[in-house]
Every structure is written in structure tokens, then in C-alpha cells.
Amino acid sequence: MTILSDRVGKVKPSATLAVTAKANELKAQGIQIVPMGSGEPDFDTPENIQQAGIDAIKNGQTRYTAVDGTPDLKNAIIDKFKRDNGLDYSATEVMASSGGKQVFYNLCQAVLDDGDEVIIPAPYWVSYPDMVILANATPVIVETGLEQDFKITPEQLESSINNHTKLFVINSPSNPTGAVYSQAELQALADVLKNHPHVLIITDDIYEHILWGNDDFINIVMAEPKLKDRTIILNGVSKGYAMTGWRIGYGAGPEAIIKAMKKIQGQSTSNPCSIAQAAALEALNGDQSIISTMVNAFKERHEYIVNALNAIDGIECPRSQGAFYSFPRVEGLIKRLGLKDDVDLSTYCLEKLNIALVPGSAFGAPGYVRLSFATSMDNIKQAVERLASV
């Protein structure tokens with residue numbers, strides 16, 4: 001007798017979590033692992049945010065809240081979109097969730113049916129396709145590559161849309177590549193989407209604040225406000241405020257869709273942690289200096305790792321514009337070492353060089369690897385030296 005559902009058999013375990021688990025297993029054996037796989041800032045949550053969580057506990061904020069978040073947090077989310085993005089939302093158009101991942105999951109469950117298709121540019125964040133599959137829909141992967149800066153073109157988008165297309169996913173700054181879409185690039189994609197009113201859009205802005213270069217952050221709704229009535233914005237406090245473990249994400253979009261997402265959440269986790277909500281409120285409303293402190297550190301690490309990786313025979317590492325990842329092409333290194341593919345290389349790096357990184361295949365991009373520089377400069381230098389040694 002088959003115990004498990006067909007659905008779960010179609011879903012892959014999270015590759016990033018698997019790498020972290022394997023690295024922790026080796027650490028427990030006394031092996032010193034250089035951590036380049038984890039996608040979380042190596043900074044502590046700022047003290048004012050910590051204190052807000054402590055105060056929430058002491059003040060008895062330990063009970064259920066509204067499913068979609070406390071009124072205070074929702075107001076802070078509304079204020080954030082107005083302040084940072086120039087976008088107006090009401091309380092019925094925003095919601096808080098247990099991490100940004102739940103926002104995406106809620107959306108998939110709320111709008112997707114069997115036969116629907118979701119356009120996902122690759123490289124993509126590892127969970128997008130599997131959450132689409134869990135909603136009985138079909139991910140349509142559009143391959144991009146280093147030559148086009150890992151960005152989908154208007155022509156690729158147009159050719160991927162059909163009558164079954166329900167949702168288009170865009171992530172900028174990108175996990176895993178750090179690629180950032182310019183206003184002109186977003187406008188070109190928006191011009192395509194305006195001709196297909198049946199297609200919803202989700203813009204994953206979780207790395208909004210982790211950005212360097214001369215351009216300010218912009219998403220597809222800011223570039224083309226006419227798409228606002230069919231776009232859901234995903235964001236959260238995990239990356240920009242070093243709050244990954246607090247698990248607070250939030251979304252904004254059309255009232256009917258947010259209401260449906262709230263219904264899904266009400267029958268799964270219910271409200272996000274009340275204490276974490278109080279901390280997120282302080283993050284959004286309080287001192288924002290932690291952001292520039294982290295971004296300056298990430299920028300310095302980025303400059304080092306790109307130059308150092310490009311000095312290694314068989315590695316081609318593009319520059320990124322945000323997030324805290326490098327996504328080099330390593331086909332030359334794979335060939336030089338006599339290995340099979342990027343998965344083989346990642347295993348080799350973990351077991352032989354004691355470096356934890358993630359194979360590009362997990363992100364829909366074979367022949368690449370993802371290295372997180374959300375770790376100390378010492379760790380980064382060790383990792384590069386070990387790679388160079390082979």
C-alpha cells in the first residue's frame with residue numbers, strides 16, 4: 001500500500017537546507033566547514049528590534065493575533081510601501097505571514113488550479129517550482145544565462161505566455177544571482193504583460209534593501225503602475241534586518257487575492273508569531289541604520305570574491321548588483337577536476353575542501369554554483385584559497 005501522496009513525491013527537498021544540514025553534520029564530527037551556502041546575514045538582529053521582542057513577551061503579547069497580522073504591523077507595512085515605494089495600499093490589501101515563503105505558498109494555493117502554468121525565469125529561488133507543483137499547477141521554466149545577465153527578455157516572456165498562463169514570477173535583486181532589473185528592463189516586461197491581462201504577477205522584493213550601485217530600488221509595479229491591480233508584492237524583514245529566524249514576511253496586492261491568501265493562512269498556520277510581529281514593527285518603524293551597515297559590508301565582500309574567483313582557472317564569476325550571492329559558471333573547473341557536473345563539484349567541495357556551497361542545478365542552472373558572502377571576510381578568503389588550491 002502506498003502511504004505517501006503523489007503530490008509529495010513530485011516535490012524536491014530544499015537544496016539550500018540540505019547543504020546546511022550536511023555541513024552541520026560534518027561540523028558535529030569536528031570538521032571545520034567554511035560556510036558559503038546559507039542565505040542569511042551573519043549580523044545579529046539589531047538591539048532595538050531584539051528589545052521590542054523582549055518587551056512584547058514582558059507585556060503579555062503572547063496570544064493569538066488576527067490571522068493576517070496585528071493592526072499596528074499592518075499599518076507599518078502600509079507606511080513602508082508608501083515611504084519606500086510610493087505605493088498606496090489599504091489594510092485589506094496587505095497581510096503578514098510566517099516568512100516570505102508563506103506569502104508565495106499562500107498565493108499559489110489561492111490562485112492556481114490544475115492546468116494553470118506559472119512562468120519562472122531560471123536561475124530561480126529553489127522553492128518557486130515546488131510550491132507551484134504543490135498547488136497542482138505547472139512551472140514553466142525560462143532559461144536565462146550569464147550572457148544575458150540572468151534576466152528574462154521581453155521576447156522570452158512573450159513566447160512563454162499562452163491561455164494557460166496564470167502567474168509570472170520576478171525576483172529582483174535575485175537569489176541566487178544578485179541580478180537586478182533596471183527600470184527600462186522592467187518597463188519592457190510590463191509592456192508585454194499589459195497585452196495579456198489574464199496573467200497575474202508576483203514580484204519577490206525580499207532583497208530590496210540589499211542593493212549597491214547608482215540606481216535606487218524599483219519593482220515592476222513602480223515601473224508600471226497600471227499593473228498594480230494584478231500584482232502581488234512579496235517582502236519581509238528577514239534579509240534587510242538580519243531577522244531570518246523571526247519568520248515574518250508580508251505581502252500586498254489586490255483585495256480579493258489577499259483575502260483568499262488570508263483564508264489559506266487561516267487554515268494552515270493562522271497568525272505569525274505575535275512576538276516576532278512586535279519585533280517586525282520596530283524593524284519597519286525604527287532606526288534603519290543597520291541596512292547601510294550590512295550593505296557596505298556585503299559590497300566589500302562582493303568586490304573581493306568576484307575578483308578572487310575570476311583569478312581561478314575554470315571559474316567565470318559575473319558581478320552582481322544586490323543580495324549577497326555570487327553565481328559563477330564553473331564548467332571549466334568541473335572539466336579540469338574530471339567531475340561529472342555541478343552537483344558532483346559541490347559534493348567534492350564539501351567533502352574534500354570542506355566548503356559548503358550550493359549547486360546551480362538546484363536553482364535550475366546546471367554548470368553554476370552559488371556562494372553566499374553573507375559570512376565573514378575570513379571565511380570568504382579561506383573558501384577562495386581552498387578552491388584555488390585545486
# chains A, B, ... in the order shown; residues from 1 in each chain; ligands from 1
call {"tool": "select_by_dssp", "arguments": {"residues": "stretch 158-305 of chain A", "states": "strand (DSSP E or B)", "output": "MDAnalysis selection string"}}
result
chainID A and resid 165:171 200:204 211 231:236 249:252
call {"tool": "residues_around", "arguments": {"residues": "A:Asp79", "least_positions_apart": "2", "cutoff": "9 Å", "atoms": "only C-alpha atoms", "output": "PyMOL selection string"}}
result
chain A and resi 74-77+81-84+88-89+284-285
call {"tool": "closest_atom_pairs", "arguments": {"of": "stretch 56-167 of chain A", "to": "stretch 173-196 of chain A", "cutoff": "8 Å", "atoms": "only C-alpha atoms", "output": "CSV"}}
result
residue,atom,partner,partner_atom,distance
A:Pro123,CA,A:Pro176,CA,6.8
A:Tyr124,CA,A:Asn175,CA,6.7
A:Trp125,CA,A:Asn175,CA,5.6
A:Asp149,CA,A:Ala179,CA,6.7
A:Phe150,CA,A:Ala179,CA,6.6
A:Lys151,CA,A:Ala179,CA,7.3
A:Thr153,CA,A:Leu189,CA,7.3
A:Pro154,CA,A:Leu189,CA,5.2
A:Leu157,CA,A:Leu189,CA,7.4
A:Glu158,CA,A:Val192,CA,6.3
call {"tool": "write_last_selection", "arguments": {"atoms": "N, CA and C atoms", "output": "short mmCIF file (atom, residue, chain, number, x, y, z; two decimals), in the first residue's frame"}}
result
data_model
loop_
_atom_site.label_atom_id
_atom_site.label_comp_id
_atom_site.auth_asym_id
_atom_site.auth_seq_id
_atom_site.Cartn_x
_atom_site.Cartn_y
_atom_site.Cartn_z
N PRO A 123 18.08 31.27 -13.57
CA PRO A 123 18.07 30.70 -12.21
C PRO A 123 16.96 31.29 -11.33
N TYR A 124 16.39 30.44 -10.50
CA TYR A 124 15.28 30.83 -9.64
C TYR A 124 15.57 30.39 -8.20
N TRP A 125 14.86 31.01 -7.27
CA TRP A 125 14.92 30.56 -5.88
C TRP A 125 14.33 29.15 -5.83
N ASP A 149 22.86 38.33 -18.46
CA ASP A 149 22.85 38.82 -17.08
C ASP A 149 21.77 38.15 -16.24
N PHE A 150 21.42 36.90 -16.57
CA PHE A 150 20.44 36.12 -15.81
C PHE A 150 19.07 36.78 -15.76
N LYS A 151 18.69 37.53 -16.79
CA LYS A 151 17.40 38.22 -16.81
C LYS A 151 16.57 37.76 -18.01
N THR A 153 14.12 38.08 -21.06
CA THR A 153 13.91 39.15 -22.04
C THR A 153 12.42 39.26 -22.36
N PRO A 154 11.99 40.42 -22.88
CA PRO A 154 10.58 40.55 -23.29
C PRO A 154 10.18 39.49 -24.32
N LEU A 157 9.56 36.23 -22.55
CA LEU A 157 8.31 36.29 -21.81
C LEU A 157 7.11 36.15 -22.75
N GLU A 158 7.14 36.89 -23.82
CA GLU A 158 6.04 36.85 -24.79
C GLU A 158 5.83 35.43 -25.33
#
call {"tool": "atom_distance", "arguments": {"atom1": "atom CA of A:His209", "atom2": "atom CA of A:Thr92"}}
result
25.0 Å
call {"tool": "atom_distance", "arguments": {"atom1": "atom CA of A:Asp204", "atom2": "atom CA of A:Gln288"}}
result
20.9 Å
call {"tool": "closest_atom_pairs", "arguments": {"of": "stretch 138-219 of chain A", "to": "stretch 256-279 of chain A", "cutoff": "12 Å", "atoms": "only C-alpha atoms", "output": "JSON lines"}}
result
{"residue": "A:Leu200", "atom": "CA", "partner": "A:Ile257", "partner_atom": "CA", "distance": 10.4}
{"residue": "A:Ile201", "atom": "CA", "partner": "A:Ile257", "partner_atom": "CA", "distance": 11.7}
{"residue": "A:Ile202", "atom": "CA", "partner": "A:Ile257", "partner_atom": "CA", "distance": 11.6}
call {"tool": "write_last_selection", "arguments": {"atoms": "C-alpha atoms", "output": "short mmCIF file (atom, residue, chain, number, x, y, z; two decimals), in the first residue's frame"}}
result
data_model
loop_
_atom_site.label_atom_id
_atom_site.label_comp_id
_atom_site.auth_asym_id
_atom_site.auth_seq_id
_atom_site.Cartn_x
_atom_site.Cartn_y
_atom_site.Cartn_z
CA LEU A 200 -1.04 37.71 -12.59
CA ILE A 201 2.40 38.83 -11.40
CA ILE A 202 4.33 38.26 -8.20
#
call {"tool": "atom_distance", "arguments": {"atom1": "atom CA of A:Ile57", "atom2": "atom CA of A:Val237"}}
result
19.5 Å
call {"tool": "closest_residue", "arguments": {"among": "A:Lys381, A:Lys10, A:Lys299, A:Arg386", "to": "A:Pro129", "atoms": "only C-alpha atoms"}}
result
A:Lys10
call {"tool": "closest_residue", "arguments": {"among": "A:Phe217, A:Val19, A:Asp113, A:Val34", "to": "A:Glu385", "atoms": "only C-alpha atoms"}}
result
A:Val34
call {"tool": "closest_residue", "arguments": {"among": "A:Glu93, A:Leu112, A:Ala21, A:Gln148", "to": "A:Thr231", "atoms": "only C-alpha atoms"}}
result
A:Glu93
call {"tool": "select_by_dssp", "arguments": {"residues": "stretch 23-178 of chain A", "states": "helix (DSSP H, G or I)", "output": "JSON, numbers by chain"}}
result
{"A": [23, 24, 25, 26, 27, 28, 47, 48, 49, 50, 51, 52, 53, 54, 55, 56, 57, 58, 71, 72, 73, 74, 75, 76, 77, 78, 79, 80, 81, 82, 83, 84, 85, 91, 92, 93, 100, 101, 102, 103, 104, 105, 106, 107, 108, 109, 110, 111, 127, 128, 129, 130, 131, 132, 133, 134, 146, 147, 148, 154, 155, 156, 157, 158, 159, 160]}
call {"tool": "residues_around", "arguments": {"residues": "A:Glu331", "least_positions_apart": "5", "cutoff": "9 Å", "atoms": "only C-alpha atoms", "output": "JSON, numbers by chain"}}
result
{"A": [314, 315, 316, 336, 341, 342, 366, 367, 368]}
call {"tool": "residues_around", "arguments": {"residues": "stretch 361-365 of chain A", "least_positions_apart": "4", "cutoff": "12 Å", "atoms": "only C-alpha atoms", "output": "MDAnalysis selection string"}}
result
chainID A and resid 12:19 120:130 139:146 150 174:177 327:331 341:346 357 369:370
call {"tool": "write_last_selection", "arguments": {"atoms": "N, CA and C atoms", "output": "CSV table (one decimal), in the first residue's frame"}}
result
chain,number,residue,atom,x,y,z
A,12,LYS,N,10.8,18.3,-4.5
A,12,LYS,CA,12.2,18.0,-4.1
A,12,LYS,C,12.4,18.7,-2.7
A,13,PRO,N,13.3,18.1,-1.9
A,13,PRO,CA,13.7,18.7,-0.6
A,13,PRO,C,14.5,20.0,-1.0
A,14,SER,N,14.4,21.0,-0.1
A,14,SER,CA,15.2,22.2,-0.3
A,14,SER,C,16.7,22.0,-0.4
A,15,ALA,N,17.3,22.3,-1.5
A,15,ALA,CA,18.7,22.1,-1.7
A,15,ALA,C,19.6,22.9,-0.7
A,16,THR,N,19.1,24.1,-0.5
A,16,THR,CA,19.9,25.0,0.4
A,16,THR,C,19.9,24.5,1.8
A,17,LEU,N,18.7,24.0,2.3
A,17,LEU,CA,18.6,23.5,3.6
A,17,LEU,C,19.4,22.2,3.7
A,18,ALA,N,19.4,21.4,2.6
A,18,ALA,CA,20.1,20.1,2.6
A,18,ALA,C,21.6,20.3,2.8
A,19,VAL,N,22.1,21.4,2.1
A,19,VAL,CA,23.6,21.7,2.2
A,19,VAL,C,23.9,22.1,3.6
A,120,ILE,N,8.5,31.0,-14.7
A,120,ILE,CA,9.6,31.2,-13.7
A,120,ILE,C,10.9,31.3,-14.4
A,121,PRO,N,11.5,32.5,-14.4
A,121,PRO,CA,12.9,32.6,-15.1
A,121,PRO,C,13.9,31.8,-14.2
A,122,ALA,N,14.8,31.1,-14.9
A,122,ALA,CA,15.9,30.4,-14.2
A,122,ALA,C,17.2,31.1,-14.6
A,123,PRO,N,18.1,31.3,-13.6
A,123,PRO,CA,18.1,30.7,-12.2
A,123,PRO,C,17.0,31.3,-11.3
A,124,TYR,N,16.4,30.4,-10.5
A,124,TYR,CA,15.3,30.8,-9.6
A,124,TYR,C,15.6,30.4,-8.2
A,125,TRP,N,14.9,31.0,-7.3
A,125,TRP,CA,14.9,30.6,-5.9
A,125,TRP,C,14.3,29.1,-5.8
A,126,VAL,N,15.0,28.3,-5.1
A,126,VAL,CA,14.7,26.8,-5.2
A,126,VAL,C,13.3,26.4,-4.9
A,127,SER,N,12.5,27.2,-4.1
A,127,SER,CA,11.2,26.8,-3.7
A,127,SER,C,10.1,27.2,-4.7
A,128,TYR,N,10.3,28.1,-5.6
A,128,TYR,CA,9.3,28.5,-6.5
A,128,TYR,C,8.6,27.3,-7.2
A,129,PRO,N,9.3,26.5,-8.0
A,129,PRO,CA,8.7,25.5,-8.8
A,129,PRO,C,7.9,24.5,-7.9
A,130,ASP,N,8.5,24.1,-6.8
A,130,ASP,CA,7.9,23.1,-5.9
A,130,ASP,C,6.6,23.6,-5.3
A,139,PRO,N,5.0,24.5,-13.4
A,139,PRO,CA,6.0,25.5,-13.6
A,139,PRO,C,6.6,25.5,-15.0
A,140,VAL,N,6.7,26.7,-15.7
A,140,VAL,CA,7.3,26.8,-17.0
A,140,VAL,C,8.6,27.5,-16.8
A,141,ILE,N,9.7,26.8,-16.9
A,141,ILE,CA,11.0,27.4,-16.6
A,141,ILE,C,11.6,28.0,-17.9
A,142,VAL,N,11.9,29.3,-17.8
A,142,VAL,CA,12.5,30.0,-18.9
A,142,VAL,C,14.0,30.2,-18.6
A,143,GLU,N,14.9,29.6,-19.4
A,143,GLU,CA,16.3,29.7,-19.1
A,143,GLU,C,16.9,31.0,-19.5
A,144,THR,N,17.6,31.6,-18.6
A,144,THR,CA,18.4,32.8,-18.9
A,144,THR,C,19.9,32.3,-18.6
A,145,GLY,N,20.8,33.1,-18.8
A,145,GLY,CA,22.2,32.7,-18.6
A,145,GLY,C,23.1,33.9,-18.3
A,146,LEU,N,24.3,33.6,-18.1
A,146,LEU,CA,25.3,34.7,-17.8
A,146,LEU,C,25.4,35.7,-18.9
A,150,PHE,N,21.4,36.9,-16.6
A,150,PHE,CA,20.4,36.1,-15.8
A,150,PHE,C,19.1,36.8,-15.8
A,174,SER,N,18.1,39.3,-7.2
A,174,SER,CA,17.8,37.9,-7.4
A,174,SER,C,18.6,37.0,-6.4
A,175,ASN,N,17.9,36.0,-5.9
A,175,ASN,CA,18.5,34.9,-5.3
A,175,ASN,C,18.3,33.8,-6.4
A,176,PRO,N,19.4,33.3,-7.0
A,176,PRO,CA,20.8,33.2,-6.5
A,176,PRO,C,21.8,34.1,-7.1
A,177,THR,N,21.4,34.9,-8.1
A,177,THR,CA,22.4,35.6,-9.0
A,177,THR,C,22.8,36.9,-8.5
A,327,PHE,N,27.3,33.9,-8.3
A,327,PHE,CA,26.8,32.7,-9.0
A,327,PHE,C,27.7,32.5,-10.2
A,328,PRO,N,28.9,32.0,-10.0
A,328,PRO,CA,29.9,31.8,-11.0
A,328,PRO,C,29.6,30.5,-11.9
A,329,ARG,N,30.0,30.6,-13.1
A,329,ARG,CA,29.9,29.5,-14.0
A,329,ARG,C,31.2,28.7,-13.8
A,330,VAL,N,31.1,27.4,-13.5
A,330,VAL,CA,32.2,26.5,-13.1
A,330,VAL,C,32.4,25.3,-14.0
A,331,GLU,N,31.9,25.4,-15.2
A,331,GLU,CA,32.0,24.3,-16.1
A,331,GLU,C,33.5,23.9,-16.4
A,341,ASP,N,29.4,17.0,-12.9
A,341,ASP,CA,28.6,18.1,-13.0
A,341,ASP,C,28.7,19.0,-11.8
A,342,ASP,N,27.8,20.0,-11.7
A,342,ASP,CA,27.9,21.0,-10.6
A,342,ASP,C,27.5,20.3,-9.2
A,343,VAL,N,26.7,19.3,-9.3
A,343,VAL,CA,26.3,18.6,-8.0
A,343,VAL,C,27.6,17.8,-7.5
A,344,ASP,N,28.2,17.2,-8.5
A,344,ASP,CA,29.5,16.5,-8.1
A,344,ASP,C,30.5,17.4,-7.6
A,345,LEU,N,30.6,18.6,-8.2
A,345,LEU,CA,31.6,19.6,-7.7
A,345,LEU,C,31.2,20.1,-6.3
A,346,SER,N,30.0,20.3,-6.0
A,346,SER,CA,29.5,20.8,-4.7
A,346,SER,C,29.8,19.7,-3.6
A,357,LEU,N,28.8,25.0,-0.3
A,357,LEU,CA,28.1,25.8,-1.3
A,357,LEU,C,27.0,25.1,-2.0
A,369,VAL,N,27.5,27.4,-9.6
A,369,VAL,CA,27.3,27.2,-8.1
A,369,VAL,C,27.0,28.5,-7.5
A,370,ARG,N,26.3,28.4,-6.3
A,370,ARG,CA,26.0,29.7,-5.6
A,370,ARG,C,26.9,29.7,-4.3
call {"tool": "residues_around", "arguments": {"residues": "A:Tyr250", "least_positions_apart": "4", "cutoff": "8 Å", "atoms": "only C-alpha atoms", "output": "PyMOL selection string"}}
result
chain A and resi 77+94-97+99-100+103+234-236
call {"tool": "write_last_selection", "arguments": {"atoms": "N, CA, C and O atoms", "output": "PDB file, in the first residue's frame"}}
result
ATOM      1  N   ILE A  77       3.399  48.191   7.607  1.00  0.00           N
ATOM      2  CA  ILE A  77       3.614  47.684   6.251  1.00  0.00           C
ATOM      3  C   ILE A  77       3.073  48.675   5.223  1.00  0.00           C
ATOM      4  O   ILE A  77       3.720  48.973   4.209  1.00  0.00           O
ATOM      5  N   VAL A  94      -3.048  44.212   2.470  1.00  0.00           N
ATOM      6  CA  VAL A  94      -1.757  43.753   2.980  1.00  0.00           C
ATOM      7  C   VAL A  94      -1.981  42.661   4.011  1.00  0.00           C
ATOM      8  O   VAL A  94      -3.039  42.577   4.636  1.00  0.00           O
ATOM      9  N   MET A  95      -0.953  41.811   4.203  1.00  0.00           N
ATOM     10  CA  MET A  95      -1.033  40.793   5.235  1.00  0.00           C
ATOM     11  C   MET A  95       0.371  40.384   5.650  1.00  0.00           C
ATOM     12  O   MET A  95       1.332  40.504   4.873  1.00  0.00           O
ATOM     13  N   ALA A  96       0.505  39.931   6.886  1.00  0.00           N
ATOM     14  CA  ALA A  96       1.766  39.396   7.398  1.00  0.00           C
ATOM     15  C   ALA A  96       1.670  37.876   7.439  1.00  0.00           C
ATOM     16  O   ALA A  96       0.593  37.307   7.662  1.00  0.00           O
ATOM     17  N   SER A  97       2.807  37.217   7.208  1.00  0.00           N
ATOM     18  CA  SER A  97       2.855  35.760   7.189  1.00  0.00           C
ATOM     19  C   SER A  97       4.088  35.259   7.930  1.00  0.00           C
ATOM     20  O   SER A  97       4.951  36.063   8.321  1.00  0.00           O
ATOM     21  N   GLY A  99       7.085  34.322   7.416  1.00  0.00           N
ATOM     22  CA  GLY A  99       8.171  34.355   6.445  1.00  0.00           C
ATOM     23  C   GLY A  99       7.667  34.644   5.045  1.00  0.00           C
ATOM     24  O   GLY A  99       6.482  34.449   4.724  1.00  0.00           O
ATOM     25  N   GLY A 100       8.578  35.133   4.196  1.00  0.00           N
ATOM     26  CA  GLY A 100       8.211  35.414   2.819  1.00  0.00           C
ATOM     27  C   GLY A 100       7.785  34.175   2.069  1.00  0.00           C
ATOM     28  O   GLY A 100       6.945  34.226   1.166  1.00  0.00           O
ATOM     29  N   VAL A 103       4.096  33.667   2.087  1.00  0.00           N
ATOM     30  CA  VAL A 103       3.370  34.560   1.193  1.00  0.00           C
ATOM     31  C   VAL A 103       3.230  33.909  -0.182  1.00  0.00           C
ATOM     32  O   VAL A 103       2.145  33.867  -0.769  1.00  0.00           O
ATOM     33  N   LEU A 234       5.825  40.544  -2.679  1.00  0.00           N
ATOM     34  CA  LEU A 234       6.314  39.729  -1.562  1.00  0.00           C
ATOM     35  C   LEU A 234       7.521  40.432  -0.945  1.00  0.00           C
ATOM     36  O   LEU A 234       8.430  40.847  -1.656  1.00  0.00           O
ATOM     37  N   ASN A 235       7.520  40.563   0.361  1.00  0.00           N
ATOM     38  CA  ASN A 235       8.658  41.173   1.050  1.00  0.00           C
ATOM     39  C   ASN A 235       8.713  40.611   2.468  1.00  0.00           C
ATOM     40  O   ASN A 235       7.941  39.731   2.826  1.00  0.00           O
ATOM     41  N   GLY A 236       9.637  41.117   3.268  1.00  0.00           N
ATOM     42  CA  GLY A 236       9.765  40.631   4.636  1.00  0.00           C
ATOM     43  C   GLY A 236      10.940  41.283   5.324  1.00  0.00           C
ATOM     44  O   GLY A 236      11.663  42.082   4.723  1.00  0.00           O
TER      45      GLY A 236
END
call {"tool": "closest_residue", "arguments": {"among": "A:Thr65, A:Asn354, A:Ser376, A:Gln51", "to": "A:Ala297", "atoms": "only C-alpha atoms"}}
result
A:Ser376
call {"tool": "residues_around", "arguments": {"residues": "A:Phe373", "least_positions_apart": "6", "cutoff": "8 Å", "atoms": "only C-alpha atoms", "output": "JSON, numbers by chain"}}
result
{"A": [36, 298, 301, 302, 305, 324, 325, 326, 380]}
call {"tool": "write_last_selection", "arguments": {"atoms": "N, CA, C and O atoms", "output": "JSON list (two decimals), in the first residue's frame"}}
result
[["chain", "number", "residue", "atom", "x", "y", "z"],
["A", 36, "MET", "N", 29.54, 28.69, 3.00],
["A", 36, "MET", "CA", 29.24, 29.58, 1.89],
["A", 36, "MET", "C", 27.88, 29.24, 1.27],
["A", 36, "MET", "O", 27.57, 29.65, 0.16],
["A", 298, "PHE", "N", 28.55, 43.86, 2.67],
["A", 298, "PHE", "CA", 28.30, 42.94, 1.56],
["A", 298, "PHE", "C", 28.97, 43.43, 0.28],
["A", 298, "PHE", "O", 29.51, 42.64, -0.49],
["A", 301, "ARG", "N", 32.67, 42.61, 0.45],
["A", 301, "ARG", "CA", 32.89, 41.17, 0.26],
["A", 301, "ARG", "C", 32.66, 40.79, -1.21],
["A", 301, "ARG", "O", 33.39, 39.96, -1.76],
["A", 302, "HIS", "N", 31.64, 41.40, -1.82],
["A", 302, "HIS", "CA", 31.36, 41.12, -3.22],
["A", 302, "HIS", "C", 32.55, 41.47, -4.10],
["A", 302, "HIS", "O", 32.93, 40.69, -4.98],
["A", 305, "ILE", "N", 35.29, 38.76, -3.60],
["A", 305, "ILE", "CA", 35.03, 37.40, -4.07],
["A", 305, "ILE", "C", 34.95, 37.32, -5.59],
["A", 305, "ILE", "O", 35.42, 36.35, -6.20],
["A", 324, "PHE", "N", 23.26, 38.84, -1.58],
["A", 324, "PHE", "CA", 24.61, 38.56, -1.05],
["A", 324, "PHE", "C", 25.11, 37.23, -1.57],
["A", 324, "PHE", "O", 25.58, 36.38, -0.83],
["A", 325, "TYR", "N", 24.98, 37.07, -2.91],
["A", 325, "TYR", "CA", 25.40, 35.83, -3.55],
["A", 325, "TYR", "C", 26.27, 36.12, -4.77],
["A", 325, "TYR", "O", 26.06, 37.10, -5.49],
["A", 326, "SER", "N", 27.23, 35.23, -5.01],
["A", 326, "SER", "CA", 27.90, 35.15, -6.30],
["A", 326, "SER", "C", 27.47, 33.85, -6.95],
["A", 326, "SER", "O", 27.30, 32.82, -6.29],
["A", 380, "ILE", "N", 35.39, 33.87, 3.61],
["A", 380, "ILE", "CA", 35.42, 34.04, 2.15],
["A", 380, "ILE", "C", 36.83, 33.79, 1.63],
["A", 380, "ILE", "O", 37.03, 33.07, 0.63]]
call {"tool": "closest_residue", "arguments": {"among": "A:Ile248, A:Ala323, A:Ala28, A:Leu167", "to": "A:Ala283", "atoms": "only C-alpha atoms"}}
result
A:Ile248
call {"tool": "closest_residue", "arguments": {"among": "A:Asp68, A:Ser38, A:Gly322, A:Gly332", "to": "A:Asp216", "atoms": "only C-alpha atoms"}}
result
A:Gly322
